[in-house]
Each structure stands twice: as C-alpha cells, then as structure tokens.
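Student: Sharing run-v7.cif below, mmCIF, C-alpha atoms:
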data_target
#
loop_
_atom_site.label_atom_id
_atom_site.label_comp_id
_atom_site.auth_asym_id
_atom_site.auth_seq_id
_atom_site.Cartn_x
_atom_site.Cartn_y
_atom_site.Cartn_z
CA MET A 15 28.17 2.01 -22.52
CA ARG A 16 26.00 2.99 -25.48
CA ILE A 17 24.04 5.98 -24.21
CA GLY A 18 21.05 7.23 -26.17
CA ILE A 19 19.28 10.55 -25.69
CA ILE A 20 15.90 10.10 -27.31
CA GLY A 21 14.58 13.59 -27.92
CA MET A 22 16.99 16.50 -28.32
CA GLY A 23 14.83 19.43 -27.25
CA GLY A 24 15.70 21.79 -24.42
CA VAL A 25 16.14 19.04 -21.83
CA GLY A 26 17.71 16.36 -24.01
CA GLY A 27 19.88 18.93 -25.71
CA TYR A 28 21.31 20.30 -22.47
CA PHE A 29 22.03 16.97 -20.77
CA GLY A 30 22.92 15.17 -24.00
CA GLY A 31 25.27 18.01 -24.84
CA LYS A 32 27.14 17.61 -21.56
CA LEU A 33 27.42 13.84 -22.08
CA ALA A 34 28.73 14.36 -25.62
CA ARG A 35 31.23 16.99 -24.50
CA GLU A 36 32.69 14.55 -21.96
CA TYR A 37 32.52 11.25 -23.82
CA ALA A 38 31.85 11.48 -27.57
CA GLY A 39 34.72 10.32 -29.76
CA LYS A 40 36.83 9.20 -26.82
CA GLY A 41 35.96 5.49 -26.78
CA LYS A 42 34.77 5.22 -23.18
CA HIS A 43 31.05 5.69 -23.82
CA GLU A 44 29.23 6.07 -27.12
CA ILE A 45 26.75 8.97 -27.25
CA ILE A 46 23.79 8.73 -29.61
CA PHE A 47 21.47 11.69 -30.26
CA VAL A 48 18.00 10.74 -31.51
CA CYS A 49 16.04 13.56 -33.12
CA ARG A 50 14.54 14.45 -36.48
CA GLY A 51 13.91 17.05 -39.15
CA GLU A 52 15.93 20.25 -39.45
CA HIS A 53 17.29 19.84 -35.92
CA LEU A 54 18.87 16.51 -36.88
CA ALA A 55 20.18 17.85 -40.18
CA GLU A 56 21.86 20.82 -38.49
CA ILE A 57 23.42 18.63 -35.77
CA LYS A 58 24.81 16.28 -38.41
CA LYS A 59 26.24 19.19 -40.38
CA ASN A 60 27.54 21.55 -37.72
CA GLY A 61 27.08 19.81 -34.36
CA LEU A 62 24.85 20.90 -31.48
CA LYS A 63 25.38 24.43 -30.19
CA LEU A 64 24.71 25.00 -26.47
CA PHE A 65 24.20 28.40 -24.85
CA THR A 66 24.08 27.92 -21.09
CA LYS A 67 24.59 29.82 -17.85
CA GLU A 68 27.84 27.87 -17.44
CA GLY A 69 29.18 28.87 -20.84
CA ASP A 70 28.66 28.31 -24.54
CA TYR A 71 30.06 25.41 -26.55
CA SER A 72 29.44 23.04 -29.46
CA VAL A 73 29.46 19.25 -29.43
CA ARG A 74 29.24 16.39 -31.86
CA PRO A 75 27.83 13.03 -30.73
CA ASP A 76 29.19 9.73 -31.91
CA LEU A 77 25.96 9.32 -33.85
CA ALA A 78 22.92 11.47 -34.61
CA THR A 79 19.99 9.67 -36.18
CA ASP A 80 16.23 9.24 -36.46
CA ASN A 81 16.61 5.62 -37.61
CA PRO A 82 15.98 2.95 -34.92
CA ALA A 83 17.99 0.38 -36.88
CA ALA A 84 21.00 2.71 -37.07
CA ALA A 85 20.71 3.63 -33.38
CA GLY A 86 21.19 0.00 -32.35
CA VAL A 87 20.90 -1.36 -28.81
CA PHE A 88 21.23 1.04 -25.87
CA ASP A 89 22.76 0.24 -22.50
CA LEU A 90 21.37 3.48 -21.08
CA ALA A 91 18.54 5.50 -22.64
CA PHE A 92 17.21 8.88 -21.59
CA PHE A 93 13.74 9.75 -22.88
CA SER A 94 13.17 13.49 -23.23
CA VAL A 95 10.56 13.66 -25.96
CA LYS A 96 7.29 15.58 -25.69
CA SER A 97 4.73 13.62 -23.68
CA TYR A 98 2.41 13.16 -26.66
CA HIS A 99 5.26 11.44 -28.57
CA LEU A 100 6.28 9.17 -25.68
CA GLU A 101 4.55 5.93 -26.64
CA LYS A 102 5.50 6.24 -30.31
CA ALA A 103 9.14 6.89 -29.44
CA ALA A 104 9.12 3.88 -27.12
CA ARG A 105 7.63 1.67 -29.83
CA ASP A 106 9.99 2.95 -32.52
CA PHE A 107 13.10 2.22 -30.46
CA SER A 108 11.86 -0.85 -28.58
CA ALA A 109 14.16 -3.13 -30.59
CA GLY A 110 17.13 -1.29 -29.11
CA ILE A 111 15.90 -1.53 -25.53
CA ASN A 112 16.09 -4.88 -23.76
CA GLN A 113 16.26 -6.32 -20.24
CA ASN A 114 19.79 -4.97 -19.85
CA THR A 115 18.87 -1.42 -20.82
CA ILE A 116 18.41 1.17 -18.09
CA VAL A 117 15.76 3.67 -19.14
CA ILE A 118 15.41 7.05 -17.44
CA PRO A 119 12.58 9.39 -18.48
CA LEU A 120 13.18 13.11 -18.01
CA LEU A 121 9.66 14.34 -18.77
CA ASN A 122 7.65 16.50 -16.39
CA GLY A 123 4.73 14.18 -15.59
CA VAL A 124 4.34 11.93 -12.56
CA ASP A 125 3.12 8.88 -14.51
CA ILE A 126 5.79 8.73 -17.22
CA ALA A 127 7.63 5.63 -15.93
CA GLU A 128 4.29 3.85 -15.63
CA ARG A 129 3.47 4.73 -19.24
CA LEU A 130 6.88 3.56 -20.46
CA ARG A 131 6.57 0.22 -18.67
CA LYS A 132 3.50 -0.54 -20.78
CA SER A 133 5.52 -0.07 -23.98
CA LEU A 134 8.92 -1.33 -22.78
CA SER A 135 8.05 -4.17 -20.45
CA ALA A 136 11.50 -5.77 -20.71
CA ALA A 137 13.47 -2.64 -19.78
CA ASN A 138 14.81 -1.60 -16.40
CA ILE A 139 12.93 1.69 -16.00
CA LEU A 140 13.85 4.19 -13.31
CA GLN A 141 12.07 7.43 -12.56
CA GLY A 142 13.70 10.76 -13.15
CA CYS A 143 13.13 14.49 -13.21
CA VAL A 144 15.12 17.62 -13.98
CA TYR A 145 15.06 21.25 -12.89
CA ILE A 146 15.91 23.34 -15.93
CA SER A 147 14.47 26.01 -18.19
CA SER A 148 15.78 25.48 -21.72
CA SER A 149 14.49 25.20 -25.27
CA VAL A 150 15.50 24.81 -28.90
CA ALA A 151 16.25 28.35 -30.08
CA LYS A 152 16.59 27.21 -33.70
CA PRO A 153 17.59 23.97 -35.42
CA GLY A 154 20.88 22.78 -34.00
CA THR A 155 20.84 25.25 -31.10
CA VAL A 156 19.68 24.81 -27.49
CA ARG A 157 19.55 27.70 -25.04
CA GLN A 158 19.33 27.25 -21.26
CA THR A 159 17.90 30.28 -19.46
CA ASP A 160 17.27 29.28 -15.84
CA GLY A 161 16.98 26.48 -13.31
CA SER A 162 19.50 24.58 -11.22
CA CYS A 163 20.10 22.09 -14.07
CA GLN A 164 19.74 19.29 -11.52
CA MET A 165 18.82 15.74 -12.49
CA LEU A 166 17.25 13.39 -9.94
CA LEU A 167 16.88 9.68 -10.64
CA GLY A 168 16.02 6.68 -8.57
CA THR A 169 13.43 4.32 -7.15
CA ASP A 170 11.01 3.97 -4.26
CA ASP A 171 12.02 0.42 -3.29
CA GLY A 172 15.44 1.01 -1.72
CA SER A 173 17.40 -0.16 -4.77
CA ALA A 174 18.75 3.20 -5.88
CA LYS A 175 22.33 2.42 -4.79
CA SER A 176 22.55 -0.30 -7.42
CA TYR A 177 22.57 2.47 -10.05
CA GLN A 178 25.64 4.21 -8.67
CA HIS A 179 27.47 3.49 -11.95
CA VAL A 180 24.88 5.56 -13.82
CA LEU A 181 25.30 8.41 -11.36
CA ASP A 182 29.07 8.24 -11.79
CA ILE A 183 28.70 8.65 -15.56
CA LEU A 184 26.57 11.74 -15.06
CA LEU A 185 28.83 13.27 -12.42
CA GLU A 186 31.92 12.72 -14.56
CA ALA A 187 30.14 14.67 -17.31
CA LYS A 188 29.70 17.49 -14.76
CA ILE A 189 25.95 16.99 -14.60
CA ASN A 190 24.38 18.01 -11.29
CA ALA A 191 22.81 14.62 -10.55
CA GLU A 192 21.58 12.76 -7.47
CA LEU A 193 20.23 9.30 -6.69
CA SER A 194 17.10 9.00 -4.55
CA ASP A 195 15.36 6.14 -2.76
CA LYS A 196 12.24 8.32 -2.53
CA ILE A 197 11.99 9.47 -6.11
CA SER A 198 8.19 9.82 -6.07
CA ILE A 199 8.49 12.58 -3.48
CA ALA A 200 11.01 14.34 -5.73
CA LEU A 201 8.72 13.94 -8.76
CA TRP A 202 5.67 15.35 -6.97
CA THR A 203 7.73 18.13 -5.35
CA LYS A 204 8.64 19.32 -8.83
CA TYR A 205 5.17 18.60 -10.18
CA ILE A 206 3.45 20.82 -7.62
CA LEU A 207 5.54 23.65 -9.06
CA ILE A 208 5.48 22.95 -12.77
CA CYS A 209 1.94 21.63 -13.28
CA PRO A 210 0.04 24.72 -12.02
CA LEU A 211 2.61 27.11 -13.50
CA ALA A 212 2.48 25.45 -16.92
CA GLY A 213 -1.29 25.89 -17.00
CA ILE A 214 -1.37 29.49 -15.80
CA THR A 215 1.57 30.75 -17.87
CA ALA A 216 0.23 29.10 -21.02
CA ALA A 217 -3.30 30.41 -20.44
CA THR A 218 -2.32 33.99 -19.56
CA GLY A 219 0.93 34.52 -21.45
CA LYS A 220 2.49 35.75 -18.20
CA THR A 221 6.04 34.83 -17.18
CA PHE A 222 6.89 33.54 -13.70
CA GLY A 223 7.39 37.08 -12.49
CA GLY A 224 4.20 38.29 -14.13
CA VAL A 225 2.18 35.62 -12.36
CA MET A 226 3.78 36.23 -8.98
CA GLU A 227 3.23 40.01 -9.03
CA ASN A 228 -0.48 39.62 -9.86
CA ALA A 229 -2.45 38.95 -6.65
CA ASP A 230 -5.31 37.13 -8.41
CA LEU A 231 -3.02 34.90 -10.46
CA LYS A 232 -0.82 34.14 -7.46
CA ASN A 233 -3.93 33.13 -5.51
CA GLN A 234 -5.05 30.91 -8.39
CA LEU A 235 -1.58 29.38 -8.48
CA ARG A 236 -1.80 28.64 -4.75
CA LYS A 237 -5.24 27.00 -5.16
CA MET A 238 -3.97 24.81 -8.01
CA MET A 239 -0.98 23.74 -5.93
CA GLN A 240 -3.32 22.75 -3.13
CA GLU A 241 -5.25 20.57 -5.58
CA VAL A 242 -2.00 18.86 -6.63
CA ARG A 243 -1.01 18.28 -2.99
CA ILE A 244 -4.35 16.60 -2.25
CA ILE A 245 -4.06 14.37 -5.33
CA ALA A 246 -0.51 13.41 -4.31
CA ALA A 247 -1.67 12.44 -0.82
CA ALA A 248 -4.42 10.31 -2.33
CA ARG A 249 -1.72 8.61 -4.43
CA LYS A 250 0.16 7.82 -1.16
CA VAL A 251 2.78 10.49 -1.73
CA VAL A 252 2.97 12.64 1.40
CA LEU A 253 4.50 16.06 0.84
CA PRO A 254 5.44 18.53 3.60
CA GLU A 255 2.50 20.42 5.08
CA ASN A 256 4.02 23.73 3.99
CA ILE A 257 4.91 22.53 0.50
CA VAL A 258 2.68 25.13 -1.19
CA GLU A 259 4.33 28.11 0.49
CA GLN A 260 7.77 26.56 0.01
CA THR A 261 7.05 26.20 -3.69
CA LEU A 262 5.74 29.73 -4.07
CA ASP A 263 8.93 30.98 -2.42
CA LYS A 264 10.98 28.89 -4.84
CA ILE A 265 9.13 30.35 -7.85
CA GLY A 266 9.82 33.83 -6.56
CA ARG A 267 13.57 33.18 -6.89
CA PHE A 268 13.37 32.45 -10.63
CA ALA A 269 14.20 35.20 -13.11
CA TYR A 270 11.17 37.42 -13.81
CA ASP A 271 11.06 36.47 -17.52
CA THR A 272 11.20 32.69 -17.01
CA LYS A 273 8.63 30.78 -19.06
CA THR A 274 7.36 27.21 -18.92
CA SER A 275 7.81 24.99 -21.96
CA MET A 276 4.04 24.82 -22.34
CA GLN A 277 3.84 28.60 -22.50
CA VAL A 278 6.57 28.65 -25.17
CA ASP A 279 4.74 25.95 -27.13
CA ARG A 280 1.50 27.95 -27.09
CA GLU A 281 3.30 31.11 -28.15
CA ARG A 282 4.85 29.25 -31.09
CA GLY A 283 1.58 27.60 -32.07
CA ASN A 284 2.88 24.14 -31.19
CA LYS A 285 0.97 21.31 -29.57
CA MET A 286 0.98 21.57 -25.77
CA GLU A 287 1.60 18.90 -23.13
CA ILE A 288 -1.81 19.33 -21.54
CA ASP A 289 -1.98 15.55 -21.06
CA ILE A 290 0.66 15.49 -18.30
CA PHE A 291 -0.45 18.67 -16.57
CA THR A 292 -4.04 19.96 -16.27
CA ALA A 293 -5.57 16.94 -17.99
CA TYR A 294 -3.80 14.51 -15.64
CA ILE A 295 -4.95 16.31 -12.47
CA ARG A 296 -8.47 16.62 -13.88
CA LYS A 297 -8.56 12.89 -14.67
CA ALA A 298 -6.99 11.87 -11.34
CA GLY A 299 -9.50 14.04 -9.47
CA ARG A 300 -12.39 12.33 -11.20
CA GLU A 301 -10.98 8.87 -10.49
CA LEU A 302 -10.40 9.69 -6.82
CA GLY A 303 -13.53 11.74 -6.24
CA ILE A 304 -11.49 14.86 -5.51
CA PRO A 305 -12.74 18.21 -6.88
CA THR A 306 -10.22 20.09 -9.07
CA PRO A 307 -12.13 23.22 -10.16
CA TRP A 308 -9.04 25.38 -10.63
CA HIS A 309 -7.35 22.90 -12.94
CA ASN A 310 -10.65 22.27 -14.71
CA GLU A 311 -10.92 25.97 -15.54
CA ILE A 312 -7.44 26.06 -17.09
CA PHE A 313 -8.03 22.79 -18.92
CA ASN A 314 -11.26 24.05 -20.45
CA PHE A 315 -9.61 27.29 -21.56
CA LEU A 316 -6.55 25.67 -23.12
CA SER A 317 -8.49 22.90 -24.81
CA GLY A 318 -11.13 25.30 -26.13
CA LYS A 319 -14.02 23.69 -24.24
#
Write out the structure in this file as structure tokens.

Tutor:
Amino acid sequence: MRIGIIGMGGVGGYFGGKLAREYAGKGKHEIIFVCRGEHLAEIKKNGLKLFTKEGDYSVRPDLATDNPAAAGVFDLAFFSVKSYHLEKAARDFSAGINQNTIVIPLLNGVDIAERLRKSLSAANILQGCVYISSSVAKPGTVRQTDGSCQMLLGTDDGSAKSYQHVLDILLEAKINAELSDKISIALWTKYILICPLAGITAATGKTFGGVMENADLKNQLRKMMQEVRIIAAARKVVLPENIVEQTLDKIGRFAYDTKTSMQVDRERGNKMEIDIFTAYIRKAGRELGIPTPWHNEIFNFLSGK
C-alpha cells in the first residue's frame, strides 16, 4: 500500500516515524511524509529524528514532499495537520485520494471526519483519535513526552472489522492501535479530557499538574467537562455517568509538566486550534440551546473578546 502521513507534527511525526521504521525502503508498503518548510528540508537532508519514551531513532521515508503531484495516489492516508489547515490540505491532495483510499484523521476534534467528507466526498473516511503528548522540537525532530501513544480507529455502523488489514499494518509497525465499532464514544471520551484542558492550559500557562493542584482551576476544569458531557448527550453520544471524575483521575496520572498542544502553540506565538475546542463547544451550545458559560469565558479570553 501507498501510505501517506499528511502533516508531520508531533502526532504525524510519531506515528509516521514508526511506519517508516518498519516499512520504508523494504518494498512492502511505501511511506510518504507530507510536510513543508524547514521541517521538510531537514527530513529530506537528514531524515526524521524521533525522541520517544520507547527509545530514540531516525527514519527516512520512501518520499518526503509538499507537492501533491509528486505524492501521487494514496491507498491509506492519515491526516494530522492543524485543524485550521484541514480543508486546504484535503483540497490540495484530493487528486491523490479516491474511492479506494482509506482516510483516517488523527486530529483532536469530534467533527473532523464530517469536515473531511465535505472536501473528500469520494474517499472512505473512518474516524480516529490518538492519546499522545508530542511536538516538533525543531525542524526534523519530534519529541514525545507523555501519553499511552494509543491510536483508535473505526466506525459506528458495525463495519470496523472490514478494516482489519489496516489494523494489521499498524500493529506490525508496533503501533498501539485498536479497532472500534463505537468510535464516537472513544472520540468524546478523549474530547472531554482534551477540550477543557486545552482551553485552561492555554489561558493560564499552567501544566496538567499546575491545573490539578489549584482548587479553583480544577473546579473550572470539572465544570467545563460537565458542559462537554451535556453536549455529547445532546449529540446522541452517551458517556458513563462518572466520566468527569474518571477523566480527572486520568489527568492526575499524567506527568506534572505535561502540556497541551494548544498551550505550546500559545507559548510559541503560533495560531491556536480554538476552532475544534472552545469555539466548537460554544457553537454547539448555541445550536442546541445549552448554556456553556465556562467555555465561553475561555473562548473570550483566548480570542481577545
């Protein structure tokens, strides 16, 4: 298969790196990295360097490019770009994605597959999510700092087993992957953790541990999670009744200094993915008639309103 990783940031770099380490240059599967700028130039020159909890290594893909024509047609494509680049990336590489292409988005939002279907109507689009804390340390280098490094992919219609061959590719590359017939529950289970945390850590500059040791911030985090749970229920996704406390307990097991990608982006002066986090809950609340005052407060602060 021709496997494309579109977006080689912390997520794409980690999972793309494992795929390249297993398959690149060996003829079984072709691994294509899609990125741009200095990151692309460094990968072309010296390969991609990975620093992970499992060990450090360097890989070279079969191809690294920012040119859709050079990338060609994908059999399997992972999208791991920033949310605000999603539609453009889909348009740019649409010629290489057809009815035979399996597309798996690895972004944090809960509406990413829906957004991709509008741009890639011919593709076979699954839903996916990952549990990882990683980022580009410098061009050509990705550093993973925390998380289980798990990838979940699947459907809600009972057809997940038909993608066993994709799972086998991931498992052979020693990626901690699972197929799910209830992927929306998995997406919202992650989202109830990452959406409130992204907002609070970006707004306050506090790490996971800093938020959890502050009684006021932990209470705000709990209130924001409750807003997410109510929105999920309104979207017909029923999470466990104790999901908020379960999630708080999960956060408490992360390393004290863990940061969200949105916090890192704000610290570096980069554009933030407000659209898939606070803005999405704010918009969904308005559409559904559900108050979201805690998310509104964070949204207003981060957007300067």

Student: With the file shown as input, list the residues that the PyMOL selection byres ((chain A and resi 60-72) around 10) selects, as a short mmCIF file (atom, residue, chain, number, x, y, z; two decimals) with C-alpha atoms, keeping the file's coordinate frame.

Tutor:
data_model
loop_
_atom_site.label_atom_id
_atom_site.label_comp_id
_atom_site.auth_asym_id
_atom_site.auth_seq_id
_atom_site.Cartn_x
_atom_site.Cartn_y
_atom_site.Cartn_z
CA MET A 22 16.99 16.50 -28.32
CA GLY A 24 15.70 21.79 -24.42
CA GLY A 27 19.88 18.93 -25.71
CA TYR A 28 21.31 20.30 -22.47
CA GLY A 30 22.92 15.17 -24.00
CA GLY A 31 25.27 18.01 -24.84
CA LYS A 32 27.14 17.61 -21.56
CA ALA A 34 28.73 14.36 -25.62
CA ARG A 35 31.23 16.99 -24.50
CA PHE A 47 21.47 11.69 -30.26
CA HIS A 53 17.29 19.84 -35.92
CA LEU A 54 18.87 16.51 -36.88
CA ALA A 55 20.18 17.85 -40.18
CA GLU A 56 21.86 20.82 -38.49
CA ILE A 57 23.42 18.63 -35.77
CA LYS A 58 24.81 16.28 -38.41
CA LYS A 59 26.24 19.19 -40.38
CA VAL A 73 29.46 19.25 -29.43
CA ARG A 74 29.24 16.39 -31.86
CA PRO A 75 27.83 13.03 -30.73
CA ALA A 78 22.92 11.47 -34.61
CA SER A 148 15.78 25.48 -21.72
CA VAL A 150 15.50 24.81 -28.90
CA ALA A 151 16.25 28.35 -30.08
CA LYS A 152 16.59 27.21 -33.70
CA PRO A 153 17.59 23.97 -35.42
CA GLY A 154 20.88 22.78 -34.00
CA THR A 155 20.84 25.25 -31.10
CA VAL A 156 19.68 24.81 -27.49
CA ARG A 157 19.55 27.70 -25.04
CA GLN A 158 19.33 27.25 -21.26
CA THR A 159 17.90 30.28 -19.46
CA ASP A 160 17.27 29.28 -15.84
CA GLY A 161 16.98 26.48 -13.31
CA SER A 162 19.50 24.58 -11.22
CA CYS A 163 20.10 22.09 -14.07
#

Student: Run the PyMOL selection byres ((chain A and resi 167-170) around 8) against the file shown and list the residues it catches, as a PDB file with C-alpha atoms, keeping the file's coordinate frame.

Tutor:
ATOM      1  CA  ILE A 118      15.410   7.050 -17.440  1.00  0.00           C
ATOM      2  CA  LEU A 140      13.850   4.190 -13.310  1.00  0.00           C
ATOM      3  CA  GLN A 141      12.070   7.430 -12.560  1.00  0.00           C
ATOM      4  CA  GLY A 142      13.700  10.760 -13.150  1.00  0.00           C
ATOM      5  CA  CYS A 143      13.130  14.490 -13.210  1.00  0.00           C
ATOM      6  CA  MET A 165      18.820  15.740 -12.490  1.00  0.00           C
ATOM      7  CA  LEU A 166      17.250  13.390  -9.940  1.00  0.00           C
ATOM      8  CA  ASP A 171      12.020   0.420  -3.290  1.00  0.00           C
ATOM      9  CA  GLY A 172      15.440   1.010  -1.720  1.00  0.00           C
ATOM     10  CA  SER A 173      17.400  -0.160  -4.770  1.00  0.00           C
ATOM     11  CA  ALA A 174      18.750   3.200  -5.880  1.00  0.00           C
ATOM     12  CA  TYR A 177      22.570   2.470 -10.050  1.00  0.00           C
ATOM     13  CA  ALA A 191      22.810  14.620 -10.550  1.00  0.00           C
ATOM     14  CA  GLU A 192      21.580  12.760  -7.470  1.00  0.00           C
ATOM     15  CA  LEU A 193      20.230   9.300  -6.690  1.00  0.00           C
ATOM     16  CA  SER A 194      17.100   9.000  -4.550  1.00  0.00           C
ATOM     17  CA  ASP A 195      15.360   6.140  -2.760  1.00  0.00           C
ATOM     18  CA  LYS A 196      12.240   8.320  -2.530  1.00  0.00           C
ATOM     19  CA  ILE A 197      11.990   9.470  -6.110  1.00  0.00           C
ATOM     20  CA  SER A 198       8.190   9.820  -6.070  1.00  0.00           C
TER      21      SER A 198
END

Student: Applied to this file, what does the PyMOL selection byres ((chain A and resi 84) around 12) return in terms of residues, put as an NGL selection string?

Tutor: :A and (18 or 46-48 or 76-83 or 85-88 or 106-107 or 109-110)

Student: In Å, how far is it from atom CA of Arg16 of chain A to atom CA of Ala200 of chain A?

Tutor: 27.3 Å

Student: Determine the nearest neighbour of Ile199 of chain A from the options A:Gly219, A:Glu241, A:Ile214, A:Ala246, counting only C-alpha atoms.

Tutor: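 Going through A:Gly219, A:Glu241, A:Ile214, A:Ala246 one by one, the smallest distance to Ile199 of chain A is for A:Ala246.
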
Student: Could you check which of A:Asn112, A:Asn190, A:Thr221, A:Gln240 is closest to Ile265 of chain A, using all atoms listed in the file?

Tutor: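 Going through A:Asn112, A:Asn190, A:Thr221, A:Gln240 one by one, the smallest distance to Ile265 of chain A is for A:Thr221.
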
Student: One decimal, in Å: what's the spacing between atom CA of Met15 of chain A and atom CA of Ala187 of chain A?

Tutor: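 So the two atoms, atom CA of Met15 of chain A and atom CA of Ala187 of chain A, lie 13.8 Å apart.
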
Student: Save segment 43-73 of chain A from what I just supplied, as an mmCIF file, in the first residue's frame, atoms limited to N, CA and C atoms.

Tutor:
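This is the output file result-v7.cif:
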data_model
loop_
_atom_site.group_PDB
_atom_site.id
_atom_site.type_symbol
_atom_site.label_atom_id
_atom_site.label_comp_id
_atom_site.auth_asym_id
_atom_site.auth_seq_id
_atom_site.Cartn_x
_atom_site.Cartn_y
_atom_site.Cartn_z
ATOM 1 N N HIS A 43 5.328 -1.764 1.845
ATOM 2 C CA HIS A 43 4.461 -0.591 1.824
ATOM 3 C C HIS A 43 5.329 0.640 1.591
ATOM 4 N N GLU A 44 4.805 1.575 0.826
ATOM 5 C CA GLU A 44 5.530 2.817 0.550
ATOM 6 C C GLU A 44 5.044 3.897 1.515
ATOM 7 N N ILE A 45 5.967 4.544 2.206
ATOM 8 C CA ILE A 45 5.635 5.551 3.209
ATOM 9 C C ILE A 45 5.988 6.937 2.694
ATOM 10 N N ILE A 46 4.964 7.800 2.662
ATOM 11 C CA ILE A 46 5.131 9.156 2.138
ATOM 12 C C ILE A 46 4.857 10.162 3.243
ATOM 13 N N PHE A 47 5.852 11.002 3.561
ATOM 14 C CA PHE A 47 5.674 12.087 4.519
ATOM 15 C C PHE A 47 5.299 13.352 3.756
ATOM 16 N N VAL A 48 4.238 14.005 4.182
ATOM 17 C CA VAL A 48 3.823 15.273 3.579
ATOM 18 C C VAL A 48 3.981 16.376 4.625
ATOM 19 N N CYS A 49 4.875 17.282 4.374
ATOM 20 C CA CYS A 49 5.085 18.428 5.260
ATOM 21 C C CYS A 49 5.701 19.547 4.432
ATOM 22 N N ARG A 50 6.167 20.611 5.095
ATOM 23 C CA ARG A 50 6.648 21.743 4.316
ATOM 24 C C ARG A 50 7.733 22.498 5.077
ATOM 25 N N GLY A 51 8.297 23.491 4.400
ATOM 26 C CA GLY A 51 9.242 24.408 5.021
ATOM 27 C C GLY A 51 10.523 23.751 5.510
ATOM 28 N N GLU A 52 11.058 24.287 6.596
ATOM 29 C CA GLU A 52 12.323 23.806 7.146
ATOM 30 C C GLU A 52 12.221 22.361 7.636
ATOM 31 N N HIS A 53 11.038 21.996 8.127
ATOM 32 C CA HIS A 53 10.826 20.623 8.594
ATOM 33 C C HIS A 53 11.030 19.645 7.439
ATOM 34 N N LEU A 54 10.441 19.938 6.295
ATOM 35 C CA LEU A 54 10.592 19.099 5.110
ATOM 36 C C LEU A 54 12.049 19.064 4.658
ATOM 37 N N ALA A 55 12.675 20.231 4.610
ATOM 38 C CA ALA A 55 14.067 20.301 4.141
ATOM 39 C C ALA A 55 14.991 19.460 5.017
ATOM 40 N N GLU A 56 14.793 19.515 6.329
ATOM 41 C CA GLU A 56 15.636 18.755 7.246
ATOM 42 C C GLU A 56 15.382 17.256 7.114
ATOM 43 N N ILE A 57 14.119 16.865 6.940
ATOM 44 C CA ILE A 57 13.800 15.444 6.767
ATOM 45 C C ILE A 57 14.433 14.912 5.489
ATOM 46 N N LYS A 58 14.362 15.692 4.424
ATOM 47 C CA LYS A 58 14.980 15.274 3.164
ATOM 48 C C LYS A 58 16.495 15.106 3.310
ATOM 49 N N LYS A 59 17.105 16.005 4.068
ATOM 50 C CA LYS A 59 18.562 16.008 4.195
ATOM 51 C C LYS A 59 19.071 14.950 5.169
ATOM 52 N N ASN A 60 18.457 14.910 6.352
ATOM 53 C CA ASN A 60 18.995 14.065 7.419
ATOM 54 C C ASN A 60 18.011 13.046 7.987
ATOM 55 N N GLY A 61 16.804 12.963 7.416
ATOM 56 C CA GLY A 61 15.797 12.064 7.959
ATOM 57 C C GLY A 61 15.050 12.697 9.122
ATOM 58 N N LEU A 62 14.075 11.975 9.655
ATOM 59 C CA LEU A 62 13.297 12.438 10.804
ATOM 60 C C LEU A 62 13.857 11.806 12.070
ATOM 61 N N LYS A 63 14.198 12.651 13.038
ATOM 62 C CA LYS A 63 14.710 12.165 14.318
ATOM 63 C C LYS A 63 13.566 12.091 15.315
ATOM 64 N N LEU A 64 13.427 10.945 15.985
ATOM 65 C CA LEU A 64 12.380 10.715 16.975
ATOM 66 C C LEU A 64 13.007 10.498 18.347
ATOM 67 N N PHE A 65 12.508 11.239 19.336
ATOM 68 C CA PHE A 65 12.892 11.034 20.728
ATOM 69 C C PHE A 65 11.623 10.640 21.465
ATOM 70 N N THR A 66 11.547 9.396 21.891
ATOM 71 C CA THR A 66 10.323 8.860 22.475
ATOM 72 C C THR A 66 10.626 8.127 23.779
ATOM 73 N N LYS A 67 9.560 7.848 24.525
ATOM 74 C CA LYS A 67 9.699 7.090 25.766
ATOM 75 C C LYS A 67 10.199 5.671 25.501
ATOM 76 N N GLU A 68 9.979 5.180 24.272
ATOM 77 C CA GLU A 68 10.391 3.820 23.920
ATOM 78 C C GLU A 68 11.845 3.761 23.465
ATOM 79 N N GLY A 69 12.402 4.923 23.147
ATOM 80 C CA GLY A 69 13.759 4.965 22.618
ATOM 81 C C GLY A 69 13.880 6.032 21.543
ATOM 82 N N ASP A 70 15.086 6.314 21.151
ATOM 83 C CA ASP A 70 15.364 7.348 20.154
ATOM 84 C C ASP A 70 15.868 6.699 18.865
ATOM 85 N N TYR A 71 15.451 7.234 17.721
ATOM 86 C CA TYR A 71 15.882 6.678 16.453
ATOM 87 C C TYR A 71 15.626 7.682 15.326
ATOM 88 N N SER A 72 16.201 7.411 14.179
ATOM 89 C CA SER A 72 15.998 8.235 12.989
ATOM 90 C C SER A 72 15.427 7.373 11.878
ATOM 91 N N VAL A 73 14.588 7.986 11.043
ATOM 92 C CA VAL A 73 13.992 7.250 9.927
ATOM 93 C C VAL A 73 14.022 8.101 8.667
#
